[in-house]
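Okay, structure first, notes after.
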Amino acid sequence: MSQRANVTFFDIAHEESKALVDRLRGGRGTVAYERVDLKDVQELKAVIGRLTEANGGFDVLVNNAANDYRHVIDDVTEEYWDDRLGVNLKHIFFSA
């Protein structure tokens, strides 16, 4: 955070995210974490709305959340497919 950036990131990994905030605290900018399940579009929109209302708009949005496991194609179920789309793509569209 050498450019005095104010950074907020979303994650579902609560303990790891709190630890990251603790490590980054004291830099030249600010860092905050919000626990958000990116597959829940209503929750995502609510958190973005609350943050925007409190702090103004975001200047930069980095959508880099994703998760996948290597597997053979025959193991892909419809449920797995829908879950991966929710984790890997849905938030990109709705947060932008």
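Labeling convention for the structure tokens: chains A, B, ... as they appear, residues from 1 per chain, ligands from 1 in order of appearance.
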
- Task: Pick out each residue of chain A that DSSP on the backbone tags as helix (DSSP H, G or I); I need them as a PyMOL selection string.
- Result: chain A and resi 14-24+41-55+73-75+78-95

- Query: Quick one: residues within 12 Å of Leu24 (chain A), only C-alpha atoms counted, chain neighbours fewer than 3 positions away excluded, as a ChimeraX atom specification?
  - Reply: /A:1-2,5-8,17-21,27-33

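Of note, CA of Asp59 (chain A) and CA of Arg25 (chain A) are spaced 20.7 Å apart.
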
- Item | Pick from A:Asn64, A:Asn55, A:Gln3, A:Ser95, whichever lies nearest to Val41 (chain A) using only C-alpha atoms | A:Ser95

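Candidate residues A:Glu53, A:Val87, A:Asp82, A:Glu16 were compared for distance to Asp68 (chain A), and the nearest is A:Val87, using only C-alpha atoms.
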
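Interatomic distance, CA of Ile92 (chain A) to CA of Phe10 (chain A): 12.6 Å.
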
- Message: To test your reading of the structure, identify every residue in chain A that backbone DSSP assigns to strand (DSSP E), and report it as a list of chain:residue names.
- Response: A:Asn6, A:Val7, A:Thr8, A:Phe9, A:Phe10, A:Asp11, A:Thr30, A:Val31, A:Ala32, A:Tyr33, A:Glu34, A:Arg35
